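Peer 1: Next comes upload.pdb, PDB, C-alpha atoms and all ligand atoms:
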```pdb
ATOM      1  CA  MET L  97     -27.269  -1.204  -4.388  1.00  0.00           C
ATOM      2  CA  ARG L  98     -26.615   0.566  -1.135  1.00  0.00           C
ATOM      3  CA  ARG L  99     -26.608  -1.655   1.916  1.00  0.00           C
ATOM      4  CA  PRO L 100     -29.083  -0.399   4.501  1.00  0.00           C
ATOM      5  CA  MET L 101     -27.829   0.583   7.931  1.00  0.00           C
ATOM      6  CA  VAL L 102     -29.526   1.076  11.259  1.00  0.00           C
ATOM      7  CA  ALA L 103     -27.528   2.921  13.888  1.00  0.00           C
ATOM      8  CA  GLY L 104     -28.474   3.380  17.531  1.00  0.00           C
ATOM      9  CA  ASN L 105     -27.403   6.628  19.164  1.00  0.00           C
ATOM     10  CA  TRP L 106     -27.589   6.049  22.903  1.00  0.00           C
ATOM     11  CA  LYS L 107     -26.752   9.692  23.626  1.00  0.00           C
ATOM     12  CA  MET L 108     -25.909  10.392  27.300  1.00  0.00           C
ATOM     13  CA  HIS L 109     -27.859   7.387  28.575  1.00  0.00           C
ATOM     14  CA  GLY L 110     -26.756   4.377  30.545  1.00  0.00           C
ATOM     15  CA  THR L 111     -24.997   2.992  33.567  1.00  0.00           C
ATOM     16  CA  ARG L 112     -22.726  -0.042  33.645  1.00  0.00           C
ATOM     17  CA  ALA L 113     -25.730  -2.070  34.760  1.00  0.00           C
ATOM     18  CA  SER L 114     -28.209  -0.792  32.163  1.00  0.00           C
ATOM     19  CA  VAL L 115     -25.596  -1.117  29.414  1.00  0.00           C
ATOM     20  CA  ALA L 116     -25.052  -4.759  30.430  1.00  0.00           C
ATOM     21  CA  GLU L 117     -28.826  -5.326  30.130  1.00  0.00           C
ATOM     22  CA  LEU L 118     -28.959  -3.684  26.735  1.00  0.00           C
ATOM     23  CA  ILE L 119     -26.013  -5.752  25.502  1.00  0.00           C
ATOM     24  CA  LYS L 120     -27.849  -8.875  26.634  1.00  0.00           C
ATOM     25  CA  GLY L 121     -30.912  -7.831  24.649  1.00  0.00           C
ATOM     26  CA  LEU L 122     -28.884  -6.947  21.565  1.00  0.00           C
ATOM     27  CA  ARG L 123     -27.072 -10.284  21.643  1.00  0.00           C
ATOM     28  CA  GLN L 124     -30.419 -12.054  21.446  1.00  0.00           C
ATOM     29  CA  LEU L 125     -31.584 -10.230  18.328  1.00  0.00           C
ATOM     30  CA  ALA L 126     -31.891 -12.156  15.108  1.00  0.00           C
ATOM     31  CA  LEU L 127     -30.434  -9.753  12.571  1.00  0.00           C
ATOM     32  CA  ALA L 128     -31.081  -9.676   8.845  1.00  0.00           C
ATOM     33  CA  PRO L 129     -27.837 -10.472   7.006  1.00  0.00           C
ATOM     34  CA  GLY L 130     -28.330  -7.628   4.512  1.00  0.00           C
ATOM     35  CA  VAL L 131     -28.418  -4.824   7.073  1.00  0.00           C
ATOM     36  CA  ASP L 132     -25.471  -3.151   8.776  1.00  0.00           C
ATOM     37  CA  VAL L 133     -26.192  -2.499  12.437  1.00  0.00           C
ATOM     38  CA  ALA L 134     -24.207  -0.170  14.670  1.00  0.00           C
ATOM     39  CA  VAL L 135     -24.523   1.256  18.163  1.00  0.00           C
ATOM     40  CA  PHE L 136     -23.062   4.464  19.559  1.00  0.00           C
ATOM     41  CA  PRO L 137     -22.764   4.248  23.356  1.00  0.00           C
ATOM     42  CA  PRO L 138     -21.380   7.000  25.573  1.00  0.00           C
ATOM     43  CA  CYS L 139     -17.563   6.840  25.436  1.00  0.00           C
ATOM     44  CA  LEU L 140     -17.243   5.460  28.956  1.00  0.00           C
ATOM     45  CA  TYR L 141     -19.083   2.305  27.944  1.00  0.00           C
ATOM     46  CA  ILE L 142     -17.537   1.718  24.527  1.00  0.00           C
ATOM     47  CA  SER L 143     -15.133  -0.951  25.794  1.00  0.00           C
ATOM     48  CA  GLN L 144     -17.901  -2.676  27.735  1.00  0.00           C
ATOM     49  CA  VAL L 145     -20.069  -2.740  24.602  1.00  0.00           C
ATOM     50  CA  ILE L 146     -17.291  -3.931  22.302  1.00  0.00           C
ATOM     51  CA  GLU L 147     -16.469  -6.777  24.691  1.00  0.00           C
ATOM     52  CA  GLY L 148     -20.126  -7.556  25.277  1.00  0.00           C
ATOM     53  CA  LEU L 149     -20.957  -7.701  21.577  1.00  0.00           C
ATOM     54  CA  ALA L 150     -17.907  -9.790  20.620  1.00  0.00           C
ATOM     55  CA  GLY L 151     -18.885 -12.268  17.944  1.00  0.00           C
ATOM     56  CA  LYS L 152     -22.126 -10.417  17.137  1.00  0.00           C
ATOM     57  CA  SER L 153     -21.996  -8.576  13.836  1.00  0.00           C
ATOM     58  CA  MET L 154     -22.681  -5.119  15.177  1.00  0.00           C
ATOM     59  CA  ALA L 155     -20.318  -2.214  14.731  1.00  0.00           C
ATOM     60  CA  VAL L 156     -19.602   0.153  17.583  1.00  0.00           C
ATOM     61  CA  GLY L 157     -19.072   3.858  17.152  1.00  0.00           C
ATOM     62  CA  ALA L 158     -18.566   6.984  19.244  1.00  0.00           C
ATOM     63  CA  GLN L 159     -20.849   9.999  19.416  1.00  0.00           C
ATOM     64  CA  ASN L 160     -18.066  12.524  18.956  1.00  0.00           C
ATOM     65  CA  CYS L 161     -14.324  12.857  18.467  1.00  0.00           C
ATOM     66  CA  ALA L 162     -11.775  15.627  18.952  1.00  0.00           C
ATOM     67  CA  ILE L 163     -10.859  18.092  16.206  1.00  0.00           C
ATOM     68  CA  GLU L 164      -7.293  16.783  16.434  1.00  0.00           C
ATOM     69  CA  PRO L 165      -6.886  13.223  15.131  1.00  0.00           C
ATOM     70  CA  PHE L 166      -4.125  12.075  17.466  1.00  0.00           C
ATOM     71  CA  GLN L 167      -3.595  12.056  21.214  1.00  0.00           C
ATOM     72  CA  GLY L 168      -2.174  15.182  22.789  1.00  0.00           C
ATOM     73  CA  ALA L 169      -2.903  18.056  25.142  1.00  0.00           C
ATOM     74  CA  LEU L 170      -6.649  18.517  24.704  1.00  0.00           C
ATOM     75  CA  THR L 171      -8.295  18.130  28.088  1.00  0.00           C
ATOM     76  CA  GLY L 172     -11.571  16.267  28.169  1.00  0.00           C
ATOM     77  CA  GLU L 173     -11.543  15.239  24.519  1.00  0.00           C
ATOM     78  CA  ILE L 174     -11.043  11.844  22.892  1.00  0.00           C
ATOM     79  CA  ALA L 175      -9.026  11.493  19.695  1.00  0.00           C
ATOM     80  CA  ALA L 176     -10.256   9.526  16.702  1.00  0.00           C
ATOM     81  CA  SER L 177      -7.046   7.483  16.951  1.00  0.00           C
ATOM     82  CA  GLN L 178      -8.014   6.497  20.515  1.00  0.00           C
ATOM     83  CA  LEU L 179     -11.503   5.512  19.390  1.00  0.00           C
ATOM     84  CA  GLN L 180      -9.962   3.407  16.657  1.00  0.00           C
ATOM     85  CA  ASP L 181      -7.595   1.848  19.210  1.00  0.00           C
ATOM     86  CA  ALA L 182     -10.588   1.005  21.432  1.00  0.00           C
ATOM     87  CA  GLY L 183     -12.234  -0.867  18.555  1.00  0.00           C
ATOM     88  CA  CYS L 184     -14.647   1.725  17.152  1.00  0.00           C
ATOM     89  CA  SER L 185     -15.228   1.800  13.431  1.00  0.00           C
ATOM     90  CA  LEU L 186     -17.588   4.787  13.195  1.00  0.00           C
ATOM     91  CA  VAL L 187     -18.111   8.183  14.766  1.00  0.00           C
ATOM     92  CA  LEU L 188     -20.997  10.657  14.660  1.00  0.00           C
ATOM     93  CA  VAL L 189     -19.976  14.180  13.722  1.00  0.00           C
ATOM     94  CA  GLY L 190     -22.088  17.309  13.909  1.00  0.00           C
ATOM     95  CA  HIS L 191     -25.059  15.922  15.803  1.00  0.00           C
ATOM     96  CA  SER L 192     -27.552  18.761  16.259  1.00  0.00           C
ATOM     97  CA  GLU L 193     -27.358  18.529  20.055  1.00  0.00           C
ATOM     98  CA  ARG L 194     -23.655  19.324  19.797  1.00  0.00           C
ATOM     99  CA  ARG L 195     -24.124  21.991  17.130  1.00  0.00           C
ATOM    100  CA  MET L 196     -26.825  23.732  19.158  1.00  0.00           C
ATOM    101  CA  LEU L 197     -25.913  23.181  22.809  1.00  0.00           C
ATOM    102  CA  LEU L 198     -22.135  23.130  22.495  1.00  0.00           C
ATOM    103  CA  GLY L 199     -21.749  25.611  19.661  1.00  0.00           C
ATOM    104  CA  GLU L 200     -20.077  23.202  17.256  1.00  0.00           C
ATOM    105  CA  ASN L 201     -19.815  24.999  13.929  1.00  0.00           C
ATOM    106  CA  ASP L 202     -19.290  23.730  10.382  1.00  0.00           C
ATOM    107  CA  GLY L 203     -15.539  24.357  10.663  1.00  0.00           C
ATOM    108  CA  ALA L 204     -15.194  22.171  13.749  1.00  0.00           C
ATOM    109  CA  VAL L 205     -17.446  19.533  12.201  1.00  0.00           C
ATOM    110  CA  ALA L 206     -15.256  19.382   9.089  1.00  0.00           C
ATOM    111  CA  ARG L 207     -12.129  18.987  11.228  1.00  0.00           C
ATOM    112  CA  LYS L 208     -13.718  16.133  13.183  1.00  0.00           C
ATOM    113  CA  PHE L 209     -14.823  14.518   9.929  1.00  0.00           C
ATOM    114  CA  ALA L 210     -11.265  14.685   8.608  1.00  0.00           C
ATOM    115  CA  ALA L 211      -9.798  13.482  11.918  1.00  0.00           C
ATOM    116  CA  ALA L 212     -12.100  10.461  11.868  1.00  0.00           C
ATOM    117  CA  GLN L 213     -11.178   9.485   8.330  1.00  0.00           C
ATOM    118  CA  SER L 214      -7.485   9.977   8.905  1.00  0.00           C
ATOM    119  CA  CYS L 215      -7.702   7.326  11.653  1.00  0.00           C
ATOM    120  CA  GLY L 216      -9.698   4.885   9.559  1.00  0.00           C
ATOM    121  CA  LEU L 217     -13.055   5.622  11.165  1.00  0.00           C
ATOM    122  CA  THR L 218     -16.170   6.197   9.077  1.00  0.00           C
ATOM    123  CA  PRO L 219     -17.739   9.543   9.968  1.00  0.00           C
ATOM    124  CA  VAL L 220     -21.527   9.802  10.114  1.00  0.00           C
ATOM    125  CA  LEU L 221     -22.200  13.445   9.273  1.00  0.00           C
ATOM    126  CA  CYS L 222     -25.425  14.676  10.884  1.00  0.00           C
ATOM    127  CA  VAL L 223     -27.336  17.503   9.213  1.00  0.00           C
ATOM    128  CA  GLY L 224     -30.773  18.951   9.763  1.00  0.00           C
ATOM    129  CA  GLU L 225     -32.873  22.075  10.096  1.00  0.00           C
ATOM    130  CA  THR L 226     -34.680  23.529  13.114  1.00  0.00           C
ATOM    131  CA  GLN L 227     -38.418  24.040  13.299  1.00  0.00           C
ATOM    132  CA  ALA L 228     -38.025  27.771  12.632  1.00  0.00           C
ATOM    133  CA  GLN L 229     -35.804  27.128   9.613  1.00  0.00           C
ATOM    134  CA  ARG L 230     -38.334  24.659   8.212  1.00  0.00           C
ATOM    135  CA  GLU L 231     -41.203  27.089   8.725  1.00  0.00           C
ATOM    136  CA  ALA L 232     -39.179  29.774   6.964  1.00  0.00           C
ATOM    137  CA  GLY L 233     -38.801  27.445   3.977  1.00  0.00           C
ATOM    138  CA  LYS L 234     -35.054  27.172   4.524  1.00  0.00           C
ATOM    139  CA  THR L 235     -34.702  23.406   5.017  1.00  0.00           C
ATOM    140  CA  LEU L 236     -32.758  22.659   1.843  1.00  0.00           C
ATOM    141  CA  GLU L 237     -30.634  25.770   2.200  1.00  0.00           C
ATOM    142  CA  VAL L 238     -29.619  24.910   5.783  1.00  0.00           C
ATOM    143  CA  VAL L 239     -28.913  21.262   5.060  1.00  0.00           C
ATOM    144  CA  GLY L 240     -27.079  22.223   1.872  1.00  0.00           C
ATOM    145  CA  ARG L 241     -24.875  24.632   3.787  1.00  0.00           C
ATOM    146  CA  GLN L 242     -24.024  22.032   6.443  1.00  0.00           C
ATOM    147  CA  LEU L 243     -23.057  19.595   3.703  1.00  0.00           C
ATOM    148  CA  ASP L 244     -21.045  22.281   1.914  1.00  0.00           C
ATOM    149  CA  GLY L 245     -19.108  22.884   5.123  1.00  0.00           C
ATOM    150  CA  VAL L 246     -17.503  19.494   4.576  1.00  0.00           C
ATOM    151  CA  ILE L 247     -17.369  19.526   0.765  1.00  0.00           C
ATOM    152  CA  GLU L 248     -15.659  22.920   0.619  1.00  0.00           C
ATOM    153  CA  SER L 249     -12.930  22.044   3.078  1.00  0.00           C
ATOM    154  CA  LEU L 250     -12.370  18.372   2.264  1.00  0.00           C
ATOM    155  CA  GLY L 251     -13.786  17.822  -1.237  1.00  0.00           C
ATOM    156  CA  VAL L 252     -16.741  15.684  -2.303  1.00  0.00           C
ATOM    157  CA  GLY L 253     -14.577  12.557  -2.593  1.00  0.00           C
ATOM    158  CA  VAL L 254     -14.532  12.106   1.193  1.00  0.00           C
ATOM    159  CA  PHE L 255     -18.136  10.938   1.009  1.00  0.00           C
ATOM    160  CA  ALA L 256     -16.951   7.728  -0.618  1.00  0.00           C
ATOM    161  CA  ARG L 257     -15.937   6.733   2.942  1.00  0.00           C
ATOM    162  CA  ALA L 258     -18.665   8.380   4.990  1.00  0.00           C
ATOM    163  CA  ILE L 259     -22.326   8.195   5.896  1.00  0.00           C
ATOM    164  CA  ILE L 260     -24.797  11.061   6.103  1.00  0.00           C
ATOM    165  CA  ALA L 261     -27.674  11.275   8.573  1.00  0.00           C
ATOM    166  CA  TYR L 262     -30.503  13.705   7.890  1.00  0.00           C
ATOM    167  CA  GLU L 263     -32.055  14.543  11.234  1.00  0.00           C
ATOM    168  CA  PRO L 264     -34.579  17.376  11.320  1.00  0.00           C
ATOM    169  CA  VAL L 265     -33.997  18.988  14.705  1.00  0.00           C
ATOM    170  CA  TRP L 266     -37.727  19.371  15.328  1.00  0.00           C
ATOM    171  CA  ALA L 267     -38.164  15.605  14.994  1.00  0.00           C
ATOM    172  CA  ILE L 268     -35.414  14.592  17.431  1.00  0.00           C
ATOM    173  CA  GLY L 269     -36.759  13.225  20.675  1.00  0.00           C
ATOM    174  CA  THR L 270     -40.114  14.912  20.102  1.00  0.00           C
ATOM    175  CA  GLY L 271     -42.197  12.044  18.792  1.00  0.00           C
ATOM    176  CA  LEU L 272     -42.678  14.047  15.586  1.00  0.00           C
ATOM    177  CA  THR L 273     -41.301  12.372  12.484  1.00  0.00           C
ATOM    178  CA  ALA L 274     -40.829  13.871   9.061  1.00  0.00           C
ATOM    179  CA  SER L 275     -43.263  12.145   6.725  1.00  0.00           C
ATOM    180  CA  PRO L 276     -41.584   9.686   4.396  1.00  0.00           C
ATOM    181  CA  ALA L 277     -42.199  12.100   1.523  1.00  0.00           C
ATOM    182  CA  GLU L 278     -40.760  15.087   3.431  1.00  0.00           C
ATOM    183  CA  ALA L 279     -37.687  13.111   4.374  1.00  0.00           C
ATOM    184  CA  GLN L 280     -37.264  11.726   0.865  1.00  0.00           C
ATOM    185  CA  THR L 281     -37.271  15.277  -0.557  1.00  0.00           C
ATOM    186  CA  VAL L 282     -34.340  16.253   1.634  1.00  0.00           C
ATOM    187  CA  HIS L 283     -32.465  12.989   1.062  1.00  0.00           C
ATOM    188  CA  ALA L 284     -32.843  13.409  -2.703  1.00  0.00           C
ATOM    189  CA  ALA L 285     -31.594  16.996  -2.466  1.00  0.00           C
ATOM    190  CA  VAL L 286     -28.553  15.899  -0.473  1.00  0.00           C
ATOM    191  CA  ARG L 287     -27.771  13.229  -3.048  1.00  0.00           C
ATOM    192  CA  ALA L 288     -28.269  15.702  -5.904  1.00  0.00           C
ATOM    193  CA  GLN L 289     -25.885  18.161  -4.256  1.00  0.00           C
ATOM    194  CA  LEU L 290     -23.198  15.471  -4.134  1.00  0.00           C
ATOM    195  CA  ALA L 291     -24.064  14.283  -7.654  1.00  0.00           C
ATOM    196  CA  ALA L 292     -23.440  17.743  -9.032  1.00  0.00           C
ATOM    197  CA  GLU L 293     -19.779  17.149  -8.203  1.00  0.00           C
ATOM    198  CA  ASN L 294     -19.402  13.391  -8.336  1.00  0.00           C
ATOM    199  CA  ALA L 295     -22.174  11.058  -9.509  1.00  0.00           C
ATOM    200  CA  ASP L 296     -20.484   7.869  -8.290  1.00  0.00           C
ATOM    201  CA  VAL L 297     -19.988   9.207  -4.792  1.00  0.00           C
ATOM    202  CA  ALA L 298     -23.607  10.389  -4.701  1.00  0.00           C
ATOM    203  CA  ARG L 299     -24.919   7.007  -5.829  1.00  0.00           C
ATOM    204  CA  GLY L 300     -22.891   5.107  -3.259  1.00  0.00           C
ATOM    205  CA  VAL L 301     -23.271   7.196  -0.121  1.00  0.00           C
ATOM    206  CA  ARG L 302     -25.739   6.017   2.478  1.00  0.00           C
ATOM    207  CA  ILE L 303     -28.129   8.651   3.790  1.00  0.00           C
ATOM    208  CA  LEU L 304     -29.855   7.673   7.028  1.00  0.00           C
ATOM    209  CA  TYR L 305     -32.960   9.340   8.412  1.00  0.00           C
ATOM    210  CA  GLY L 306     -33.107  10.239  12.099  1.00  0.00           C
ATOM    211  CA  GLY L 307     -35.728  11.843  14.296  1.00  0.00           C
ATOM    212  CA  SER L 308     -38.140   9.803  16.432  1.00  0.00           C
ATOM    213  CA  VAL L 309     -37.791   6.682  14.285  1.00  0.00           C
ATOM    214  CA  LYS L 310     -39.815   3.875  15.838  1.00  0.00           C
ATOM    215  CA  ALA L 311     -40.572   0.333  14.741  1.00  0.00           C
ATOM    216  CA  ALA L 312     -44.007   1.543  13.652  1.00  0.00           C
ATOM    217  CA  SER L 313     -42.673   4.270  11.336  1.00  0.00           C
ATOM    218  CA  ALA L 314     -39.460   2.641  10.146  1.00  0.00           C
ATOM    219  CA  ALA L 315     -40.696   0.451   7.298  1.00  0.00           C
ATOM    220  CA  GLU L 316     -42.409   3.260   5.447  1.00  0.00           C
ATOM    221  CA  LEU L 317     -39.461   5.624   5.865  1.00  0.00           C
ATOM    222  CA  PHE L 318     -36.973   2.978   4.755  1.00  0.00           C
ATOM    223  CA  SER L 319     -39.051   2.179   1.667  1.00  0.00           C
ATOM    224  CA  MET L 320     -38.217   5.590   0.176  1.00  0.00           C
ATOM    225  CA  GLN L 321     -35.705   5.573  -2.641  1.00  0.00           C
ATOM    226  CA  ASP L 322     -33.036   7.736  -1.026  1.00  0.00           C
ATOM    227  CA  ILE L 323     -33.472   6.654   2.605  1.00  0.00           C
ATOM    228  CA  ASP L 324     -30.875   4.003   3.326  1.00  0.00           C
ATOM    229  CA  GLY L 325     -31.728   3.282   6.942  1.00  0.00           C
ATOM    230  CA  GLY L 326     -31.985   5.136  10.205  1.00  0.00           C
ATOM    231  CA  LEU L 327     -30.131   6.836  13.020  1.00  0.00           C
ATOM    232  CA  VAL L 328     -32.233   5.957  16.032  1.00  0.00           C
ATOM    233  CA  GLY L 329     -32.050   7.678  19.400  1.00  0.00           C
ATOM    234  CA  GLY L 330     -34.658   6.888  22.064  1.00  0.00           C
ATOM    235  CA  ALA L 331     -35.902   3.697  20.442  1.00  0.00           C
ATOM    236  CA  SER L 332     -32.373   2.257  20.333  1.00  0.00           C
ATOM    237  CA  LEU L 333     -32.332   1.974  24.140  1.00  0.00           C
ATOM    238  CA  ASN L 334     -34.851  -0.833  23.914  1.00  0.00           C
ATOM    239  CA  ALA L 335     -33.311  -3.896  22.277  1.00  0.00           C
ATOM    240  CA  ASP L 336     -36.600  -5.321  21.013  1.00  0.00           C
ATOM    241  CA  GLU L 337     -37.732  -2.049  19.469  1.00  0.00           C
ATOM    242  CA  PHE L 338     -34.288  -1.518  17.966  1.00  0.00           C
ATOM    243  CA  GLY L 339     -34.346  -5.066  16.579  1.00  0.00           C
ATOM    244  CA  ALA L 340     -37.713  -4.434  14.959  1.00  0.00           C
ATOM    245  CA  ILE L 341     -36.307  -1.299  13.300  1.00  0.00           C
ATOM    246  CA  CYS L 342     -33.318  -3.294  12.058  1.00  0.00           C
ATOM    247  CA  ARG L 343     -35.647  -5.894  10.581  1.00  0.00           C
ATOM    248  CA  ALA L 344     -37.680  -3.151   8.875  1.00  0.00           C
ATOM    249  CA  ALA L 345     -34.501  -2.093   7.092  1.00  0.00           C
ATOM    250  CA  GLY L 346     -34.002  -5.603   5.796  1.00  0.00           C
ATOM    251  CA  ASN L 347     -37.383  -5.903   4.126  1.00  0.00           C
TER     252      ASN L 347
HETATM  253  P1  LIG L 401     -34.517  10.228  18.504  1.00  0.00           P
HETATM  254  O1  LIG L 401     -33.013  10.731  18.295  1.00  0.00           O
HETATM  255  O2  LIG L 401     -34.689   8.961  17.714  1.00  0.00           O
HETATM  256  O3  LIG L 401     -34.649  10.019  19.984  1.00  0.00           O
HETATM  257  O4  LIG L 401     -35.414  11.306  17.996  1.00  0.00           O
HETATM  258  C1  LIG L 401     -32.357  10.624  17.057  1.00  0.00           C
HETATM  259  C2  LIG L 401     -30.972  11.240  17.132  1.00  0.00           C
HETATM  260  O5  LIG L 401     -30.826  12.315  17.714  1.00  0.00           O
HETATM  261  O6  LIG L 401     -29.991  10.665  16.619  1.00  0.00           O
END
```
Would you encode the structure as structure tokens?
Ligand code: PGA

Peer 2:
Amino acid sequence: MRRPMVAGNWKMHGTRASVAELIKGLRQLALAPGVDVAVFPPCLYISQVIEGLAGKSMAVGAQNCAIEPFQGALTGEIAASQLQDAGCSLVLVGHSERRMLLGENDGAVARKFAAAQSCGLTPVLCVGETQAQREAGKTLEVVGRQLDGVIESLGVGVFARAIIAYEPVWAIGTGLTASPAEAQTVHAAVRAQLAAENADVARGVRILYGGSVKAASAAELFSMQDIDGGLVGGASLNADEFGAICRAAGN
């Protein structure tokens, strides 16, 4: 059985004061023991969050890491080894906002994925199609290619120590959510693609759904066979809403 996970991607939100408030709310949540919970604050606040959540069983991750695993001359970037040193255990790679706005391509994403693993971090590989790609019937092709970007350079075995997040771009921050059946189709295709090379890896890997997940939509999404939890953006900035989503994953 795969253990469900709910991950909160805070994106570029927060101030020291609002982060302190959110930590307070998160500390008060009663969490289901069977669900892994993680939050991904902006890098500046990672230490504040790790200290604030001490003793609470919530993992902390970063939203990005450098293509090089170790510290060096790479202005403005943060190495996976530094994230690990700060106490992170996870890192998002290939979020669509970075792919689209910052031009991150599959090659860079694969390097970040490898950098994360080489420092003992678990990468959360984000994949997903745009509205136009969906309308053109290219969803599975696009997602398959993004997944292949990692498989071809690193091999399928790396997914034994990774998480995948399917996030249709048209559903991110828009209030639109893929229907549970639509999402399940993509999740099953992702798992089948991995299974074609390694059935054990495919069975074990957690595939999260992301894109306007709310407490109201979470339970139905998480009830689908290949949806192992959620990557939650906007709703993760509200501790009560985030807690309700975490509970939905435990039922
Ligand atoms: P959203 O973001 O829940 O605000 O749509 C999800 C994400 O981008 O990870």

Peer 1: Any idea what's packed within 12 Å of Gly330 (chain L), counting all atoms listed in the file, ignoring anything in its chain fewer than 6 positions away? Could you give it as JSON, numbers by chain?

Peer 2: {"L": [103, 104, 105, 106, 107, 108, 109, 110, 267, 268, 269, 270, 271, 306, 307, 308, 309, 310, 311, 337, 338]}

Peer 1: Looking at all atoms listed in the file, which of L:Ser114, L:Ser153, L:Gln321, L:Asn160 is the one that sits closest to Arg195 (chain L)?

Peer 2: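 The shortest atom-to-atom distance to Arg195 (chain L) comes from L:Asn160.
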
Peer 1: When the PyMOL selection byres (((chain L and resi 341) around 9) and not hetatm) is applied to the structure above, which residues does it catch, written out as a PyMOL selection string?

Peer 2: chain L and resi 102+309-315+326+328+331-332+336-340+342-346

Peer 1: Would you compute, for all listed atoms of ligand LIG 401 (chain L), the axis-aligned bounding box grown by 4 Å on each side, and then report its centre and edge lengths in Å rounded to one decimal, as AutoDock Vina command-line options?

Peer 2:
```
--center_x -32.7 --center_y 10.6 --center_z 18.3 --size_x 13.4 --size_y 11.4 --size_z 11.4
```

Peer 1: Can you tell me, as a ChimeraX atom specification, what residues are no more than 10 Å from Gly148 (chain L) when counting only C-alpha atoms, ignoring any on the same chain fewer than 2 positions away?

Peer 2: /L:115-116,118-120,122-123,142-146,150-152

Peer 1: Need the shell around Asn347 (chain L): protein/DNA/RNA residues with any atom at most 10 Å away, counting only C-alpha atoms. Skip same-chain ones fewer than 6 positions apart. Format as a ChimeraX atom specification?

Peer 2: /L:100,128,130-131,315,318-319

Peer 1: Around the point (-28.5, 17.3, 11.1) in the file's coordinates, collect all residues with an atom within 10 Å, using only C-alpha atoms, and return them as a PyMOL selection string.

Peer 2: chain L and resi 189-193+195+221-226+238-239+242-243+260-265+268+305-307

Peer 1: Check what the PyMOL selection byres (((chain L and resi 204) around 12) and not hetatm) selects in the file above and give those residues as an mmCIF file with C-alpha atoms, in the frame of the given file.

Peer 2:
```cif
data_model
loop_
_atom_site.group_PDB
_atom_site.id
_atom_site.type_symbol
_atom_site.label_atom_id
_atom_site.label_comp_id
_atom_site.auth_asym_id
_atom_site.auth_seq_id
_atom_site.Cartn_x
_atom_site.Cartn_y
_atom_site.Cartn_z
ATOM 1 C CA ASN L 160 -18.066 12.524 18.956
ATOM 2 C CA CYS L 161 -14.324 12.857 18.467
ATOM 3 C CA ALA L 162 -11.775 15.627 18.952
ATOM 4 C CA ILE L 163 -10.859 18.092 16.206
ATOM 5 C CA GLU L 164 -7.293 16.783 16.434
ATOM 6 C CA VAL L 189 -19.976 14.180 13.722
ATOM 7 C CA GLY L 190 -22.088 17.309 13.909
ATOM 8 C CA HIS L 191 -25.059 15.922 15.803
ATOM 9 C CA ARG L 194 -23.655 19.324 19.797
ATOM 10 C CA ARG L 195 -24.124 21.991 17.130
ATOM 11 C CA LEU L 198 -22.135 23.130 22.495
ATOM 12 C CA GLY L 199 -21.749 25.611 19.661
ATOM 13 C CA GLU L 200 -20.077 23.202 17.256
ATOM 14 C CA ASN L 201 -19.815 24.999 13.929
ATOM 15 C CA ASP L 202 -19.290 23.730 10.382
ATOM 16 C CA GLY L 203 -15.539 24.357 10.663
ATOM 17 C CA VAL L 205 -17.446 19.533 12.201
ATOM 18 C CA ALA L 206 -15.256 19.382 9.089
ATOM 19 C CA ARG L 207 -12.129 18.987 11.228
ATOM 20 C CA LYS L 208 -13.718 16.133 13.183
ATOM 21 C CA PHE L 209 -14.823 14.518 9.929
ATOM 22 C CA ALA L 210 -11.265 14.685 8.608
ATOM 23 C CA ALA L 211 -9.798 13.482 11.918
ATOM 24 C CA GLN L 242 -24.024 22.032 6.443
ATOM 25 C CA GLY L 245 -19.108 22.884 5.123
ATOM 26 C CA VAL L 246 -17.503 19.494 4.576
ATOM 27 C CA SER L 249 -12.930 22.044 3.078
#
```

Peer 1: Restricting the calculation to all atoms listed in the file: of L:Val133, L:Leu149, L:Leu290, L:Leu188, which residue gets closest to ligand LIG 401 (chain L)?

Peer 2: L:Leu188

Peer 1: Quote the spacing between CA of Arg257 (chain L) and CA of Gln180 (chain L) in Å to one decimal place.

Peer 2: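 Those two atoms sit 15.3 Å apart.
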